[in-house]
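Worksheet: one structure, shown below.
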Amino acid sequence: MAPPHGDKSAKVKEEAAAAAVSSLDNRSISTILFIVAMQTEALPLVKKFQLTEDLNSVFPKGVPWVRFYGNYKGLAINIVCPGKDPALGVDGVGTVSASLVTYASVQAFRPDLIINAGTAGGFGAKGASIGDVFISSEVAFHDRRIPIPVFDIYGVGSRKALATPNLLKELNLKVGKLSTGDSLDMSPMDEASIIANDATIKDMEGAAVAYVADLLKVPAIFLKAVTDIVDGDKPTPEEFLENLAAVTSALDRTATQVVDYISGKCLLEL
């Protein structure tokens, strides 16, 4: 029996959408958008890629967001940071700033790929060490607790990152799940959620970037360098600040290798 007209129409639309996605996946990557929370983390990459700060910003007047742009090995590179809080002068870390700059940057620059690069806490029990750079296989929130059916799943917001098996093999990167929350410390309730997320690393932006990327249908990967061992003996703030400069250098090296590998390839080749 032939399917009803509505079913056939829906099937045609699904096939057309799948064909469009396949066509995009086969197209060479030309534009990369880096979302980086702290300018300390971004500046080594800016120097490496010889990028220029955009002094005539396309972003709304008055926002502190900072963009660096240029071309590197045939790729248009944009690095966007939330910038400094106008009142306090500290980096605009966390999920709110990350969501805003990701949305505005995708709208402005139409990237083929988002790379959320930054530092993170790691769990020694899951094999993380100071200076390790992970590529995340999956991201989720650990501090959006909504104990109502279905809303609880929405709160966790688990999303897969773009699969990059060839990139992983070429660069021999560590892989782990990333859990995101708006606090640097870890409360007992956060810890329970992180364990439930099976996370190896935790940050303050990744899942927010993933949410926007998924919403706007832009593939995303997440590069996270470990500054502190969350389940270790040292206080997190102390260990984070102590290792930030050295770990940022490790992140810079790996991010450069990732971009070098991406150059000239399409999404399906990653």
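Quick note on naming: the chains in the structure tokens go A, B, ... in the order shown, residues restart at 1 in each chain, and ligands are numbered from 1 in order of appearance.
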Quick one: residues within 9 Å of A:Gly74, only C-alpha atoms, excluding same-chain residues fewer than 5 positions away - as a VMD selection string?
chain A and resid 30 263 to 264
Dump N, CA and C atoms for the selected residues as a PDB file, in the first residue's frame?
ATOM      1  N   SER A  30      36.105  26.023   5.047  1.00  0.00           N
ATOM      2  CA  SER A  30      36.751  27.276   4.671  1.00  0.00           C
ATOM      3  C   SER A  30      36.785  28.301   5.802  1.00  0.00           C
ATOM      4  N   SER A 263      43.007  21.940   7.527  1.00  0.00           N
ATOM      5  CA  SER A 263      43.238  22.688   6.281  1.00  0.00           C
ATOM      6  C   SER A 263      43.127  21.784   5.050  1.00  0.00           C
ATOM      7  N   GLY A 264      42.246  22.164   4.126  1.00  0.00           N
ATOM      8  CA  GLY A 264      42.075  21.438   2.878  1.00  0.00           C
ATOM      9  C   GLY A 264      41.136  20.252   2.942  1.00  0.00           C
TER      10      GLY A 264
END
Can you list, as a count of residues only, every protein, DNA or RNA residue that comes within 12 Å of A:Leu33 when you count only C-alpha atoms, leaving out same-chain residues fewer than 2 positions away?
42
Give the strand (DSSP E) residues of stretch 16-110 of chain A, as assigned by DSSP on the backbone, as an MDAnalysis selection string.
chainID A and resid 31:35 52:53 66:72 75:81
Just list the residues in stretch 88-270 of chain A DSSP gives alpha helix (DSSP H) on the backbone, as a PyMOL selection string.
chain A and resi 95-109+151-156+165-171+188-196+206-215+236-262
Show me a table, sorted first by chain and then by increasing residue number, of the residues of stretch 177-228 of chain A having an atom at most 7 Å from stretch 233-254 of chain A, each with its shortest atom pair and the distance in Å to one decimal, counting only C-alpha atoms and written as JSON lines.
{"residue": "A:Asp185", "atom": "CA", "partner": "A:Thr236", "partner_atom": "CA", "distance": 6.9}
{"residue": "A:Ala225", "atom": "CA", "partner": "A:Leu251", "partner_atom": "CA", "distance": 5.7}
{"residue": "A:Val226", "atom": "CA", "partner": "A:Val247", "partner_atom": "CA", "distance": 6.9}
{"residue": "A:Thr227", "atom": "CA", "partner": "A:Phe240", "partner_atom": "CA", "distance": 5.2}
{"residue": "A:Asp228", "atom": "CA", "partner": "A:Phe240", "partner_atom": "CA", "distance": 5.3}
Keeping only C-alpha atoms, take the residues you just selected and write them out as a PDB file, in the first residue's frame.
ATOM      1  CA  ASP A 185      34.235  24.850  42.515  1.00  0.00           C
ATOM      2  CA  ALA A 225      43.467  21.521  28.378  1.00  0.00           C
ATOM      3  CA  VAL A 226      43.630  20.461  32.013  1.00  0.00           C
ATOM      4  CA  THR A 227      44.796  23.124  34.493  1.00  0.00           C
ATOM      5  CA  ASP A 228      43.691  21.465  37.732  1.00  0.00           C
TER       6      ASP A 228
END
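Taking atom CA of A:Leu88 and atom CA of A:Ala140 as endpoints, the distance between them is 28.8 Å.
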Spatial neighbours of A:Val175, 6 Å, only C-alpha atoms, chain gap at least 5 places, as a ChimeraX atom specification
/A:134-136
Can you list, as a list in words, every protein, DNA or RNA residue that comes within 12 Å of A:Lys169 when you count only C-alpha atoms, leaving out same-chain residues fewer than 2 positions away?
Ile135, Ala163, Thr164, Pro165, Asn166, Leu167, Leu171, Asn172, Leu173, Lys174, Val175, Val258, Tyr261, Glu269 and Leu270 of chain A
For A:Val139, list every protein, DNA or RNA residue within 8 Å, evaluated using only C-alpha atoms, and leave out those in the same chain fewer than 6 positions away; present the list as number ranges by chain.
A: 157-161, 177-180, 206-207, 210
Would you mind telling me which residue in A:Phe34, A:Phe123, A:Tyr72, A:Trp65 lies nearest to A:Met186 when using only C-alpha atoms?
A:Phe123
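The interatomic distance for the pair atom CA of A:Ser99 and atom CA of A:Leu162 works out to 18.2 Å.
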What lies within 12 Å of A:Glu191 using only C-alpha atoms, ignoring chain neighbours under 2 positions off, as a list of chain:residue names?
A:Phe123, A:Phe141, A:His142, A:Asp143, A:Ser179, A:Thr180, A:Gly181, A:Ser183, A:Asp185, A:Met186, A:Ser187, A:Pro188, A:Met189, A:Ser193, A:Ile194, A:Ile195, A:Ala196, A:Asn197, A:Asp198, A:Ala199, A:Thr200, A:Ile201, A:Lys202, A:Val230, A:Asp231
May I have the residues within 9 Å of A:Met38 as a PDB file with N, CA and C atoms, in the first residue's frame, using only C-alpha atoms and disregarding those fewer than 6 positions away in the same chain?
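This went into part34.pdb:
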ATOM      1  N   CYS A  81      36.207  36.193  21.774  1.00  0.00           N
ATOM      2  CA  CYS A  81      36.198  36.089  23.236  1.00  0.00           C
ATOM      3  C   CYS A  81      35.097  36.992  23.790  1.00  0.00           C
ATOM      4  N   PRO A  82      34.512  36.632  24.921  1.00  0.00           N
ATOM      5  CA  PRO A  82      33.507  37.513  25.536  1.00  0.00           C
ATOM      6  C   PRO A  82      34.074  38.847  25.994  1.00  0.00           C
ATOM      7  N   GLY A  83      35.408  38.925  26.139  1.00  0.00           N
ATOM      8  CA  GLY A  83      36.027  40.173  26.572  1.00  0.00           C
ATOM      9  C   GLY A  83      35.914  40.378  28.082  1.00  0.00           C
ATOM     10  N   LYS A  84      36.237  41.580  28.507  1.00  0.00           N
ATOM     11  CA  LYS A  84      36.255  41.903  29.930  1.00  0.00           C
ATOM     12  C   LYS A  84      34.915  42.485  30.383  1.00  0.00           C
ATOM     13  N   ASP A  91      37.520  38.509  32.841  1.00  0.00           N
ATOM     14  CA  ASP A  91      37.014  37.825  31.652  1.00  0.00           C
ATOM     15  C   ASP A  91      35.574  37.359  31.865  1.00  0.00           C
ATOM     16  N   GLY A  92      34.785  37.483  30.807  1.00  0.00           N
ATOM     17  CA  GLY A  92      33.377  37.095  30.866  1.00  0.00           C
ATOM     18  C   GLY A  92      33.193  35.596  30.720  1.00  0.00           C
ATOM     19  N   VAL A  93      33.620  34.846  31.734  1.00  0.00           N
ATOM     20  CA  VAL A  93      33.525  33.392  31.674  1.00  0.00           C
ATOM     21  C   VAL A  93      32.102  32.945  31.979  1.00  0.00           C
ATOM     22  N   GLY A 118      39.745  25.871  25.263  1.00  0.00           N
ATOM     23  CA  GLY A 118      39.944  26.504  26.557  1.00  0.00           C
ATOM     24  C   GLY A 118      40.504  25.535  27.576  1.00  0.00           C
TER      25      GLY A 118
END
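Minimum distance to A:Lys126 across A:Ile229, A:Ala98, A:Leu267, A:Ala42 (counting only C-alpha atoms) occurs at A:Ile229.
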